file input27.txt (compact mmCIF, C-alpha atoms (C1' of nucleotides))
# COMPACT_ATOMS: atom_id res chain seq x y z
CA MET M 1 -20.49 -6.71 -17.78
CA GLY M 2 -20.60 -4.56 -14.61
CA ASP M 3 -17.78 -2.07 -14.24
CA ASN M 4 -15.90 -3.73 -11.41
CA GLU M 5 -17.69 -5.45 -8.62
CA ALA M 6 -16.20 -6.77 -5.40
CA GLU M 7 -15.37 -10.12 -6.94
CA ALA M 8 -13.48 -10.73 -10.18
CA GLY M 9 -10.26 -10.56 -8.19
CA GLY M 10 -7.99 -9.78 -11.09
CA ALA M 11 -4.77 -7.78 -10.98
CA VAL M 12 -6.73 -4.60 -11.71
CA PRO M 13 -6.52 -2.35 -8.64
CA SER M 14 -10.01 -2.04 -7.20
CA LYS M 15 -11.36 1.46 -7.03
CA ARG M 16 -11.29 3.33 -3.78
CA ALA M 17 -14.34 3.00 -1.57
CA ASP M 18 -15.26 6.69 -1.71
CA ALA M 19 -15.04 6.63 -5.47
CA ARG M 20 -17.46 3.75 -5.73
CA ARG M 21 -19.78 5.43 -3.26
CA ASN M 22 -19.71 8.70 -5.17
CA LYS M 23 -20.51 6.96 -8.42
CA GLU M 24 -23.66 5.52 -6.87
CA THR M 25 -24.61 8.85 -5.32
CA LEU M 26 -24.11 10.47 -8.70
CA LEU M 27 -26.30 7.98 -10.51
CA ASP M 28 -29.07 8.44 -7.98
CA ALA M 29 -28.79 12.22 -8.10
CA ALA M 30 -28.76 12.23 -11.90
CA ALA M 31 -31.83 10.01 -12.10
CA LYS M 32 -33.63 12.33 -9.70
CA VAL M 33 -32.66 15.49 -11.56
CA PHE M 34 -33.53 13.93 -14.91
CA VAL M 35 -37.11 13.22 -13.90
CA ALA M 36 -37.39 16.69 -12.38
CA SER M 37 -35.76 18.76 -15.13
CA GLY M 38 -35.27 16.43 -18.08
CA VAL M 39 -32.10 14.90 -19.49
CA ASP M 40 -30.96 18.35 -20.57
CA ALA M 41 -30.50 19.44 -16.98
CA PRO M 42 -27.21 21.28 -16.36
CA VAL M 43 -24.34 19.20 -15.05
CA ARG M 44 -24.01 21.63 -12.18
CA ASP M 45 -27.51 20.81 -10.98
CA ILE M 46 -26.59 17.16 -10.76
CA ALA M 47 -23.36 17.95 -8.93
CA ARG M 48 -25.23 20.08 -6.41
CA GLU M 49 -27.92 17.44 -5.92
CA ALA M 50 -25.24 14.84 -5.29
CA GLY M 51 -23.24 17.17 -3.05
CA VAL M 52 -20.19 16.65 -5.20
CA GLY M 53 -17.81 18.79 -7.22
CA LEU M 54 -17.82 19.09 -10.99
CA GLY M 55 -14.53 17.31 -11.30
CA THR M 56 -15.98 14.25 -9.62
CA ILE M 57 -18.72 13.97 -12.21
CA TYR M 58 -16.31 14.20 -15.09
CA ARG M 59 -13.93 11.68 -13.62
CA HIS M 60 -16.67 9.09 -13.37
CA PHE M 61 -18.46 10.04 -16.56
CA PRO M 62 -16.19 11.65 -19.14
CA THR M 63 -19.13 13.34 -20.77
CA ARG M 64 -22.75 14.20 -19.99
CA ALA M 65 -23.83 11.59 -22.49
CA ASP M 66 -21.99 8.87 -20.58
CA LEU M 67 -23.91 9.82 -17.46
CA VAL M 68 -27.20 9.58 -19.31
CA ILE M 69 -26.21 6.21 -20.70
CA ALA M 70 -25.32 4.92 -17.25
CA VAL M 71 -28.61 6.11 -15.77
CA TYR M 72 -30.74 4.41 -18.38
CA ARG M 73 -28.58 1.39 -19.11
CA HIS M 74 -30.81 -0.96 -17.15
CA GLN M 75 -33.95 0.07 -18.96
CA VAL M 76 -32.31 -0.08 -22.35
CA GLU M 77 -31.09 -3.53 -21.49
CA ALA M 78 -34.57 -4.60 -20.48
CA CYS M 79 -36.03 -3.24 -23.68
CA ALA M 80 -33.43 -5.08 -25.72
CA GLU M 81 -34.09 -8.35 -23.95
CA ALA M 82 -37.82 -8.06 -24.42
CA GLY M 83 -37.42 -8.28 -28.20
CA PRO M 84 -36.73 -12.00 -28.66
CA ALA M 85 -39.27 -12.82 -25.97
CA LEU M 86 -41.99 -10.94 -27.79
CA LEU M 87 -41.06 -12.58 -31.05
CA ALA M 88 -41.43 -15.98 -29.44
CA SER M 89 -44.71 -15.25 -27.74
CA GLY M 90 -46.36 -12.97 -30.28
CA ALA M 91 -49.11 -14.10 -32.61
CA THR M 92 -47.14 -12.99 -35.64
CA PRO M 93 -43.80 -11.22 -36.18
CA TYR M 94 -45.67 -8.03 -37.04
CA ALA M 95 -47.63 -8.19 -33.78
CA ALA M 96 -44.37 -8.71 -31.90
CA LEU M 97 -42.75 -5.79 -33.68
CA ARG M 98 -45.69 -3.59 -32.85
CA GLU M 99 -45.56 -4.54 -29.19
CA TRP M 100 -41.84 -4.02 -28.99
CA ILE M 101 -42.14 -0.60 -30.55
CA ASN M 102 -44.76 0.28 -27.96
CA LEU M 103 -42.31 -0.72 -25.26
CA PHE M 104 -39.67 1.45 -26.84
CA VAL M 105 -42.05 4.40 -27.10
CA ASP M 106 -43.11 4.05 -23.49
CA PHE M 107 -39.50 4.15 -22.45
CA LEU M 108 -38.68 7.24 -24.51
CA VAL M 109 -41.79 9.21 -23.68
CA THR M 110 -41.53 8.78 -19.94
CA LYS M 111 -37.97 10.11 -19.93
CA HIS M 112 -38.31 13.81 -20.40
CA GLY M 113 -36.25 14.83 -23.42
CA LEU M 114 -34.57 11.51 -23.98
CA ALA M 115 -36.00 11.04 -27.43
CA ALA M 116 -34.32 14.17 -28.72
CA VAL M 117 -31.03 12.46 -28.11
CA LEU M 118 -31.63 9.81 -30.73
CA ARG M 119 -30.91 12.46 -33.31
CA SER M 120 -27.41 12.21 -34.56
CA ASP M 121 -26.83 15.92 -35.00
CA THR M 122 -27.12 16.75 -31.31
CA ALA M 123 -23.58 17.84 -30.55
CA GLY M 124 -21.76 15.81 -27.95
CA PHE M 125 -24.36 13.10 -27.86
CA GLU M 126 -22.80 10.80 -30.41
CA ALA M 127 -21.91 8.38 -27.62
CA LEU M 128 -25.48 8.13 -26.43
CA HIS M 129 -26.78 7.89 -29.96
CA GLY M 130 -24.30 5.15 -30.64
CA TYR M 131 -25.12 3.20 -27.53
CA PHE M 132 -28.82 3.19 -28.16
CA LEU M 133 -28.33 2.11 -31.72
CA ASP M 134 -25.74 -0.54 -30.93
CA ARG M 135 -27.94 -2.12 -28.34
CA LEU M 136 -31.41 -1.77 -29.80
CA LEU M 137 -30.91 -1.79 -33.54
CA PRO M 138 -30.14 -5.53 -33.75
CA VAL M 139 -33.24 -6.26 -31.72
CA CYS M 140 -35.39 -4.13 -33.95
CA ALA M 141 -33.79 -5.68 -37.00
CA GLU M 142 -34.59 -9.19 -35.82
CA LEU M 143 -38.25 -8.35 -35.36
CA PHE M 144 -38.50 -6.37 -38.56
CA ASP M 145 -36.73 -8.98 -40.67
CA ALA M 146 -39.05 -11.64 -39.34
CA ALA M 147 -42.05 -9.52 -40.25
CA VAL M 148 -40.64 -8.93 -43.71
CA ALA M 149 -39.98 -12.64 -44.14
CA ALA M 150 -43.56 -13.33 -43.14
CA GLY M 151 -44.70 -10.89 -45.81
CA GLU M 152 -46.49 -8.74 -43.29
CA VAL M 153 -44.73 -5.40 -43.79
CA ARG M 154 -43.28 -3.46 -46.66
CA SER M 155 -39.63 -4.19 -47.22
CA ASP M 156 -38.44 -0.86 -48.59
CA LEU M 157 -37.44 0.28 -45.12
CA THR M 158 -34.46 -0.33 -42.89
CA SER M 159 -34.60 -1.08 -39.21
CA TYR M 160 -32.38 1.94 -38.72
CA GLU M 161 -35.02 4.13 -40.27
CA ILE M 162 -37.69 2.57 -38.11
CA MET M 163 -35.72 3.18 -34.94
CA ARG M 164 -34.92 6.76 -35.82
CA GLY M 165 -38.39 7.44 -37.14
CA VAL M 166 -40.12 6.11 -34.07
CA GLY M 167 -37.62 7.92 -31.87
CA ASN M 168 -38.25 11.16 -33.70
CA LEU M 169 -41.99 10.79 -33.34
CA CYS M 170 -41.47 10.72 -29.58
CA VAL M 171 -39.53 13.97 -29.46
CA GLY M 172 -41.27 16.62 -27.40
CA ALA M 173 -44.17 14.34 -26.54
CA GLU M 174 -44.03 14.92 -22.82
CA GLY M 175 -45.52 18.16 -21.68
CA ASP M 176 -47.67 18.63 -24.77
CA GLU M 177 -51.10 17.16 -24.18
CA ARG M 178 -52.07 17.95 -27.76
CA TYR M 179 -49.43 15.54 -29.01
CA ASP M 180 -49.95 11.82 -28.45
CA ALA M 181 -46.76 10.06 -29.50
CA LEU M 182 -48.18 6.60 -28.98
CA ARG M 183 -51.01 7.25 -31.41
CA LEU M 184 -48.72 8.75 -34.03
CA VAL M 185 -46.37 5.81 -33.79
CA ASP M 186 -49.38 3.59 -34.18
CA VAL M 187 -50.23 5.36 -37.43
CA PHE M 188 -46.66 4.89 -38.57
CA VAL M 189 -46.62 1.21 -37.71
CA ALA M 190 -49.94 0.78 -39.49
CA GLY M 191 -48.34 2.39 -42.52
CA MET M 192 -45.64 -0.28 -42.56
CA ARG M 193 -48.25 -2.97 -42.93
CA LEU M 194 -48.49 -4.52 -46.35
CA SER M 195 -51.95 -4.32 -47.86
CA ARG M 196 -53.06 -7.71 -48.93
CA MET Q 1 -47.65 42.83 -44.95
CA GLY Q 2 -44.12 44.15 -45.62
CA ASP Q 3 -42.47 45.88 -42.69
CA ASN Q 4 -42.44 49.39 -44.05
CA GLU Q 5 -41.77 50.07 -47.68
CA ALA Q 6 -41.19 53.42 -49.34
CA GLU Q 7 -44.90 53.96 -49.91
CA ALA Q 8 -47.65 53.70 -47.31
CA GLY Q 9 -46.92 57.29 -46.32
CA GLY Q 10 -48.45 57.09 -42.89
CA ALA Q 11 -47.52 59.13 -39.86
CA VAL Q 12 -45.10 56.40 -38.77
CA PRO Q 13 -41.58 57.78 -39.02
CA SER Q 14 -39.83 55.86 -41.77
CA LYS Q 15 -36.72 53.98 -40.71
CA ARG Q 16 -33.35 55.41 -41.48
CA ALA Q 17 -31.84 54.40 -44.78
CA ASP Q 18 -28.84 52.65 -43.24
CA ALA Q 19 -31.12 50.66 -40.96
CA ARG Q 20 -33.17 49.41 -43.86
CA ARG Q 21 -30.02 48.56 -45.77
CA ASN Q 22 -28.54 46.68 -42.84
CA LYS Q 23 -31.69 44.65 -42.39
CA GLU Q 24 -31.43 43.45 -45.99
CA THR Q 25 -27.73 42.75 -45.62
CA LEU Q 26 -28.48 40.79 -42.48
CA LEU Q 27 -31.17 38.69 -44.13
CA ASP Q 28 -28.86 37.85 -47.02
CA ALA Q 29 -25.99 37.00 -44.70
CA ALA Q 30 -28.18 34.86 -42.49
CA ALA Q 31 -29.57 32.94 -45.45
CA LYS Q 32 -26.04 32.32 -46.66
CA VAL Q 33 -24.77 31.17 -43.26
CA PHE Q 34 -27.83 29.00 -42.72
CA VAL Q 35 -27.21 26.96 -45.86
CA ALA Q 36 -23.53 26.70 -44.98
CA SER Q 37 -23.77 25.87 -41.29
CA GLY Q 38 -27.42 25.17 -40.56
CA VAL Q 39 -29.98 27.24 -38.68
CA ASP Q 40 -28.05 26.64 -35.47
CA ALA Q 41 -25.16 28.74 -36.67
CA PRO Q 42 -23.85 31.17 -34.03
CA VAL Q 43 -25.20 34.70 -34.18
CA ARG Q 44 -21.63 35.97 -34.31
CA ASP Q 45 -21.04 34.15 -37.58
CA ILE Q 46 -23.96 35.94 -39.14
CA ALA Q 47 -22.81 39.27 -37.79
CA ARG Q 48 -19.34 38.73 -39.23
CA GLU Q 49 -20.71 37.59 -42.58
CA ALA Q 50 -22.87 40.72 -42.74
CA GLY Q 51 -20.07 42.95 -41.50
CA VAL Q 52 -22.16 44.37 -38.67
CA GLY Q 53 -22.00 44.34 -34.89
CA LEU Q 54 -23.98 42.10 -32.61
CA GLY Q 55 -26.12 44.96 -31.41
CA THR Q 56 -27.33 45.58 -34.93
CA ILE Q 57 -28.63 42.05 -35.26
CA TYR Q 58 -30.53 42.20 -32.00
CA ARG Q 59 -32.05 45.57 -32.79
CA HIS Q 60 -33.52 44.24 -36.02
CA PHE Q 61 -34.34 40.77 -34.76
CA PRO Q 62 -34.94 40.63 -31.01
CA THR Q 63 -34.04 36.96 -30.93
CA ARG Q 64 -32.34 34.39 -33.13
CA ALA Q 65 -35.72 32.84 -33.77
CA ASP Q 66 -37.03 36.07 -35.25
CA LEU Q 67 -34.15 36.09 -37.67
CA VAL Q 68 -34.88 32.54 -38.74
CA ILE Q 69 -38.54 33.40 -39.21
CA ALA Q 70 -37.66 36.38 -41.36
CA VAL Q 71 -35.32 34.37 -43.55
CA TYR Q 72 -37.85 31.64 -44.29
CA ARG Q 73 -41.03 33.71 -44.24
CA HIS Q 74 -41.34 33.71 -48.04
CA GLN Q 75 -41.07 29.95 -48.32
CA VAL Q 76 -43.48 29.34 -45.48
CA GLU Q 77 -45.90 31.68 -47.19
CA ALA Q 78 -45.54 29.80 -50.46
CA CYS Q 79 -46.12 26.49 -48.72
CA ALA Q 80 -49.21 27.85 -47.03
CA GLU Q 81 -50.62 29.19 -50.27
CA ALA Q 82 -50.04 25.91 -52.08
CA GLY Q 83 -52.53 24.16 -49.81
CA PRO Q 84 -55.83 25.39 -51.21
CA ALA Q 85 -54.46 25.14 -54.73
CA LEU Q 86 -53.59 21.49 -54.27
CA LEU Q 87 -56.97 20.79 -52.77
CA ALA Q 88 -58.64 22.31 -55.80
CA SER Q 89 -56.48 20.51 -58.36
CA GLY Q 90 -55.94 17.19 -56.59
CA ALA Q 91 -57.73 14.01 -57.55
CA THR Q 92 -59.01 13.55 -54.01
CA PRO Q 93 -58.51 15.42 -50.71
CA TYR Q 94 -56.20 12.63 -49.55
CA ALA Q 95 -54.05 12.97 -52.67
CA ALA Q 96 -53.89 16.73 -52.10
CA LEU Q 97 -52.93 16.24 -48.46
CA ARG Q 98 -50.22 13.83 -49.47
CA GLU Q 99 -48.80 16.25 -52.01
CA TRP Q 100 -48.91 19.14 -49.60
CA ILE Q 101 -47.09 17.15 -46.97
CA ASN Q 102 -44.42 16.32 -49.52
CA LEU Q 103 -44.01 20.02 -50.17
CA PHE Q 104 -43.69 20.63 -46.46
CA VAL Q 105 -41.13 17.85 -46.08
CA ASP Q 106 -39.07 19.16 -48.98
CA PHE Q 107 -39.00 22.55 -47.37
CA LEU Q 108 -37.93 21.21 -43.99
CA VAL Q 109 -35.36 18.74 -45.21
CA THR Q 110 -33.53 21.17 -47.45
CA LYS Q 111 -33.07 23.64 -44.60
CA HIS Q 112 -30.36 22.15 -42.47
CA GLY Q 113 -31.67 21.77 -38.94
CA LEU Q 114 -34.92 23.64 -39.46
CA ALA Q 115 -37.10 20.69 -38.56
CA ALA Q 116 -35.67 20.47 -35.07
CA VAL Q 117 -37.17 23.84 -34.42
CA LEU Q 118 -40.73 22.59 -34.77
CA ARG Q 119 -40.32 21.01 -31.38
CA SER Q 120 -41.85 23.11 -28.70
CA ASP Q 121 -39.29 22.34 -26.04
CA THR Q 122 -36.40 23.99 -27.85
CA ALA Q 123 -35.68 26.89 -25.53
CA GLY Q 124 -35.99 30.32 -27.07
CA PHE Q 125 -37.65 29.05 -30.21
CA GLU Q 126 -41.23 29.42 -29.09
CA ALA Q 127 -41.64 32.32 -31.49
CA LEU Q 128 -40.54 30.26 -34.46
CA HIS Q 129 -42.61 27.32 -33.36
CA GLY Q 130 -45.60 29.60 -33.02
CA TYR Q 131 -45.14 31.22 -36.39
CA PHE Q 132 -44.90 27.94 -38.26
CA LEU Q 133 -47.96 26.61 -36.53
CA ASP Q 134 -50.01 29.79 -36.91
CA ARG Q 135 -49.36 29.92 -40.59
CA LEU Q 136 -49.37 26.29 -41.64
CA LEU Q 137 -51.69 24.57 -39.21
CA PRO Q 138 -54.89 26.04 -40.72
CA VAL Q 139 -53.73 24.92 -44.15
CA CYS Q 140 -53.02 21.43 -42.96
CA ALA Q 141 -56.33 21.37 -41.14
CA GLU Q 142 -58.25 22.32 -44.26
CA LEU Q 143 -56.71 19.49 -46.25
CA PHE Q 144 -57.01 16.98 -43.44
CA ASP Q 145 -60.61 17.85 -42.65
CA ALA Q 146 -61.51 17.48 -46.29
CA ALA Q 147 -59.90 14.05 -46.37
CA VAL Q 148 -61.75 13.06 -43.22
CA ALA Q 149 -65.01 14.30 -44.67
CA ALA Q 150 -64.35 12.23 -47.77
CA GLY Q 151 -63.85 9.22 -45.54
CA GLU Q 152 -60.35 8.66 -46.87
CA VAL Q 153 -58.34 8.88 -43.64
CA ARG Q 154 -58.77 7.90 -40.04
CA SER Q 155 -60.26 10.65 -37.95
CA ASP Q 156 -58.65 9.95 -34.59
CA LEU Q 157 -55.88 12.39 -35.32
CA THR Q 158 -55.52 16.15 -35.17
CA SER Q 159 -53.90 18.32 -37.79
CA TYR Q 160 -51.61 19.53 -35.03
CA GLU Q 161 -50.36 16.01 -34.50
CA ILE Q 162 -49.87 15.54 -38.20
CA MET Q 163 -47.83 18.72 -38.50
CA ARG Q 164 -45.68 17.91 -35.51
CA GLY Q 165 -45.34 14.27 -36.44
CA VAL Q 166 -44.26 14.99 -39.98
CA GLY Q 167 -41.96 17.72 -38.74
CA ASN Q 168 -40.39 15.37 -36.24
CA LEU Q 169 -39.84 12.72 -38.89
CA CYS Q 170 -37.74 15.26 -40.77
CA VAL Q 171 -35.43 16.01 -37.86
CA GLY Q 172 -31.86 15.11 -38.61
CA ALA Q 173 -32.65 13.92 -42.11
CA GLU Q 174 -30.01 15.95 -43.82
CA GLY Q 175 -26.53 14.59 -43.57
CA ASP Q 176 -27.63 11.04 -42.80
CA GLU Q 177 -27.87 9.06 -45.98
CA ARG Q 178 -29.22 6.08 -44.06
CA TYR Q 179 -32.29 8.08 -43.13
CA ASP Q 180 -34.77 8.95 -45.85
CA ALA Q 181 -37.32 11.33 -44.34
CA LEU Q 182 -39.48 11.40 -47.43
CA ARG Q 183 -39.94 7.64 -47.36
CA LEU Q 184 -40.72 7.59 -43.65
CA VAL Q 185 -43.28 10.32 -44.05
CA ASP Q 186 -44.75 8.31 -46.87
CA VAL Q 187 -45.15 5.36 -44.52
CA PHE Q 188 -46.80 7.64 -42.01
CA VAL Q 189 -49.18 9.11 -44.54
CA ALA Q 190 -50.03 5.62 -45.72
CA GLY Q 191 -50.85 4.74 -42.13
CA MET Q 192 -53.41 7.53 -42.01
CA ARG Q 193 -55.31 5.99 -44.87
CA LEU Q 194 -58.52 4.25 -43.92
CA SER Q 195 -58.69 0.66 -45.02
CA ARG Q 196 -61.82 0.03 -47.00
C1' DA V 1 2.31 7.03 11.90
C1' DA V 2 3.78 8.03 7.50
C1' DC V 3 3.60 7.83 2.73
C1' DG V 4 2.09 7.42 -2.04
C1' DA V 5 -1.55 6.77 -5.12
C1' DT V 6 -6.16 8.04 -5.86
C1' DA V 7 -10.00 11.02 -5.84
C1' DC V 8 -11.93 15.46 -4.84
C1' DG V 9 -13.60 20.41 -5.37
C1' DG V 10 -14.18 24.24 -7.78
C1' DA V 11 -11.77 27.96 -10.27
C1' DA V 12 -11.00 28.77 -15.01
C1' DC V 13 -11.69 28.24 -20.11
C1' DG V 14 -14.14 28.53 -24.47
C1' DA V 15 -18.55 28.82 -26.73
C1' DT V 16 -23.07 30.69 -26.94
C1' DG V 17 -27.31 33.90 -26.71
C1' DT V 18 -28.37 38.32 -25.11
C1' DT V 19 -28.00 43.06 -22.95
C1' DC V 20 -26.09 47.61 -22.43
C1' DC V 21 -24.12 51.85 -23.34
C1' DG V 22 -20.70 55.10 -25.22
C1' DT V 23 -19.94 56.49 -29.99
C1' DT V 24 -21.11 57.39 -34.73
C1' DT V 25 -24.14 58.83 -38.35
C1' DA V 26 -28.32 60.06 -40.93
C1' DT V 27 -31.78 63.44 -41.26
C1' DC V 28 -33.75 67.86 -41.20
C1' DA V 29 -34.44 72.60 -39.89
C1' DA V 30 -32.22 77.05 -39.74
C1' DT B 1 -23.78 74.64 -45.17
C1' DT B 2 -24.13 73.68 -40.68
C1' DG B 3 -25.69 72.20 -36.16
C1' DA B 4 -28.70 69.70 -33.34
C1' DT B 5 -30.93 65.53 -32.24
C1' DA B 6 -32.84 61.21 -32.57
C1' DA B 7 -31.73 56.88 -34.56
C1' DA B 8 -28.62 53.27 -35.26
C1' DC B 9 -24.20 51.17 -34.56
C1' DG B 10 -20.35 48.26 -32.58
C1' DG B 11 -18.61 45.40 -29.48
C1' DA B 12 -17.44 44.86 -24.55
C1' DA B 13 -19.69 42.60 -20.89
C1' DC B 14 -22.88 39.28 -18.68
C1' DA B 15 -25.09 34.80 -17.79
C1' DT B 16 -25.23 30.00 -18.82
C1' DC B 17 -23.55 25.98 -20.73
C1' DG B 18 -20.03 21.77 -21.09
C1' DT B 19 -15.50 20.69 -20.08
C1' DT B 20 -10.52 20.89 -18.37
C1' DC B 21 -7.03 21.43 -14.92
C1' DC B 22 -4.53 21.35 -10.83
C1' DG B 23 -3.68 22.19 -5.92
C1' DT B 24 -5.54 19.80 -1.96
C1' DA B 25 -7.68 16.20 0.80
C1' DT B 26 -8.46 11.45 1.58
C1' DC B 27 -7.96 6.43 1.37
C1' DG B 28 -5.33 2.29 1.75
C1' DT B 29 -1.14 0.29 2.81
C1' DT B 30 3.26 -0.35 5.00

call {"tool": "encode", "arguments": {"input": "input27.txt", "output": "structure tokens"}}
result
Amino acid sequence: MGDNEAEAGGAVPSKRADARRNKETLLDAAAKVFVASGVDAPVRDIAREAGVGLGTIYRHFPTRADLVIAVYRHQVEACAEAGPALLASGATPYAALREWINLFVDFLVTKHGLAAVLRSDTAGFEALHGYFLDRLLPVCAELFDAAVAAGEVRSDLTSYEIMRGVGNLCVGAEGDERYDALRLVDVFVAGMRLSR
Amino acid sequence: MGDNEAEAGGAVPSKRADARRNKETLLDAAAKVFVASGVDAPVRDIAREAGVGLGTIYRHFPTRADLVIAVYRHQVEACAEAGPALLASGATPYAALREWINLFVDFLVTKHGLAAVLRSDTAGFEALHGYFLDRLLPVCAELFDAAVAAGEVRSDLTSYEIMRGVGNLCVGAEGDERYDALRLVDVFVAGMRLSR
DNA sequence: AACGATACGGAACGATGTTCCGTTTATCAA
DNA sequence: TTGATAAACGGAACATCGTTCCGTATCGTT
């Protein structure tokens, strides 16, 4: 699924060497700036950090959101792949769901400002929103459905709501020591549990 | 607590009549624009709607946040005052807390984009954030503490976290029919409940 | 070495919140 | 009624964003 590696010798003209190099430089610079200033950092800061012009950024990543996606793609992928594994190894589907959600929360909270992007209304971030949902929603759904089938959680929820709700609970967590997102999510997940 | 009415004949020089009139006009226009385009509506839209210049807005409300505060002050006040009443009339402190939170959620969800402002990181909205917290946090705390004292809810939370958590759950609720903030908050509130 | 396609840099655009200042107007004393 | 003066006004101008555009530089190939 990689963009275009050295192999895959199709008819598609391989990108120029400097272009490929700049894309890497850009990803590194963006990752660095994101941890320093959050995902809301100005595009210009990233360009300066990478020692590259604005045009170069926008040729490689049509929109800021695409850059954010590219930077975190690996981690999103890892989170997605952890889902089935947890379901297989967990004591119960509910336990697996809880663990997976903790993984998700860890990911969001450690990326300054990333959680805010799960909101749909954030202008220009539809792409990012869409990517996260496309990739992670099915995983969440699998875990949730299993928990519902096992009769462990209330069924009047959707996995979409769970994703968005958990994401929202993580918004603004970093940099506010009075706000412990992990604990709040824990309360939420406890609330899903069916009393028996 | 009103700014300066006709009475209260102190030594403070009363504002000019046109200024007072414009302030009212501005509040009406802002309220109108907020329901039409959300609290994120451009300042220029409000100025146009009110038929005044930009300078006039900024003289009356030093920052966009101050304008938002002024527009919703009455409803925040009402929400704050409902707290003690609910505690007195509710079956149990937990029931009162639950009802009050529902009131809070209704308020947030019906104001397009207001919830997003509860986040502290939103640049320039510290004033709004502060006002909401100053006014509503003590109310929430009273209800929550009572519920804790009654042994109805888990005590490893702070009222600050509850306010922020509930507020966050409301972010982006309007305009997304797949996302039911009231139900998610209900799950959260259920999660606070102590099993017995 | 020369040439064409590709990629680059950064000026320029449109939107936004906010500031500034020359102009207008309300108020009040004479 | 009429000036004088402080208050308030309007909107141009500024800074900061994301994004677009195009003349120029560079790469890869012949």

call {"tool": "residues_around", "arguments": {"input": "input27.txt", "residues": "DT19 (chain V)", "least_positions_apart": "3", "cutoff": "10 Å", "atoms": "all atoms listed in the file", "output": "PDB file with C-alpha atoms (C1' of nucleotides), in the frame of the given file"}}
result
ATOM      1  CA  GLY Q  55     -26.120  44.960 -31.410  1.00  0.00           C
ATOM      2  CA  TYR Q  58     -30.530  42.200 -32.000  1.00  0.00           C
TER       3      TYR Q  58
ATOM      4  C1'  DA B  13     -19.690  42.600 -20.890  1.00  0.00           C
ATOM      5  C1'  DC B  14     -22.880  39.280 -18.680  1.00  0.00           C
TER       6       DC B  14
END

call {"tool": "atom_distance", "arguments": {"input": "input27.txt", "atom1": "CA of Glu161 (chain M)", "atom2": "CA of Ala181 (chain Q)"}}
result
8.6 Å

call {"tool": "closest_residue", "arguments": {"input": "input27.txt", "among": "B:DC21, B:DA12, B:DA7, B:DC27", "to": "chain Q", "atoms": "all atoms listed in the file"}}
result
B:DA7

call {"tool": "closest_atom_pairs", "arguments": {"input": "input27.txt", "of": "chain Q", "to": "chain B", "cutoff": "7 Å", "atoms": "all atoms listed in the file", "output": "JSON lines"}}
result
{"residue": "Q:Ala19", "atom": "CA", "partner": "B:DA8", "partner_atom": "C1'", "distance": 6.7}
{"residue": "Q:Gly53", "atom": "CA", "partner": "B:DG10", "partner_atom": "C1'", "distance": 4.8}
{"residue": "Q:Gly55", "atom": "CA", "partner": "B:DG10", "partner_atom": "C1'", "distance": 6.7}
{"residue": "Q:Thr56", "atom": "CA", "partner": "B:DC9", "partner_atom": "C1'", "distance": 6.4}

call {"tool": "interface_residues", "arguments": {"input": "input27.txt", "of": "chain Q", "to": "chain V", "cutoff": "12 Å", "atoms": "all atoms listed in the file", "output": "PDB file with C-alpha atoms, in the coordinates of the input"}}
result
ATOM      1  CA  PRO Q  13     -41.580  57.780 -39.020  1.00  0.00           C
ATOM      2  CA  SER Q  14     -39.830  55.860 -41.770  1.00  0.00           C
ATOM      3  CA  LYS Q  15     -36.720  53.980 -40.710  1.00  0.00           C
ATOM      4  CA  ARG Q  16     -33.350  55.410 -41.480  1.00  0.00           C
ATOM      5  CA  ALA Q  17     -31.840  54.400 -44.780  1.00  0.00           C
ATOM      6  CA  ASP Q  18     -28.840  52.650 -43.240  1.00  0.00           C
ATOM      7  CA  ALA Q  19     -31.120  50.660 -40.960  1.00  0.00           C
ATOM      8  CA  ASP Q  40     -28.050  26.640 -35.470  1.00  0.00           C
ATOM      9  CA  ALA Q  41     -25.160  28.740 -36.670  1.00  0.00           C
ATOM     10  CA  PRO Q  42     -23.850  31.170 -34.030  1.00  0.00           C
ATOM     11  CA  VAL Q  43     -25.200  34.700 -34.180  1.00  0.00           C
ATOM     12  CA  ARG Q  44     -21.630  35.970 -34.310  1.00  0.00           C
ATOM     13  CA  ASP Q  45     -21.040  34.150 -37.580  1.00  0.00           C
ATOM     14  CA  LEU Q  54     -23.980  42.100 -32.610  1.00  0.00           C
ATOM     15  CA  GLY Q  55     -26.120  44.960 -31.410  1.00  0.00           C
ATOM     16  CA  ILE Q  57     -28.630  42.050 -35.260  1.00  0.00           C
ATOM     17  CA  TYR Q  58     -30.530  42.200 -32.000  1.00  0.00           C
ATOM     18  CA  ARG Q  59     -32.050  45.570 -32.790  1.00  0.00           C
ATOM     19  CA  PHE Q  61     -34.340  40.770 -34.760  1.00  0.00           C
ATOM     20  CA  PRO Q  62     -34.940  40.630 -31.010  1.00  0.00           C
ATOM     21  CA  THR Q  63     -34.040  36.960 -30.930  1.00  0.00           C
ATOM     22  CA  ARG Q  64     -32.340  34.390 -33.130  1.00  0.00           C
ATOM     23  CA  ALA Q  65     -35.720  32.840 -33.770  1.00  0.00           C
ATOM     24  CA  ALA Q 123     -35.680  26.890 -25.530  1.00  0.00           C
ATOM     25  CA  GLY Q 124     -35.990  30.320 -27.070  1.00  0.00           C
ATOM     26  CA  PHE Q 125     -37.650  29.050 -30.210  1.00  0.00           C
TER      27      PHE Q 125
END

call {"tool": "interface_residues", "arguments": {"input": "input27.txt", "of": "chain Q", "to": "chain M", "cutoff": "9 Å", "atoms": "only C-alpha atoms", "output": "ChimeraX atom specification"}}
result
/Q:113,119-122,156-158,160-162,164-172,175-176,178-181,183-193,195
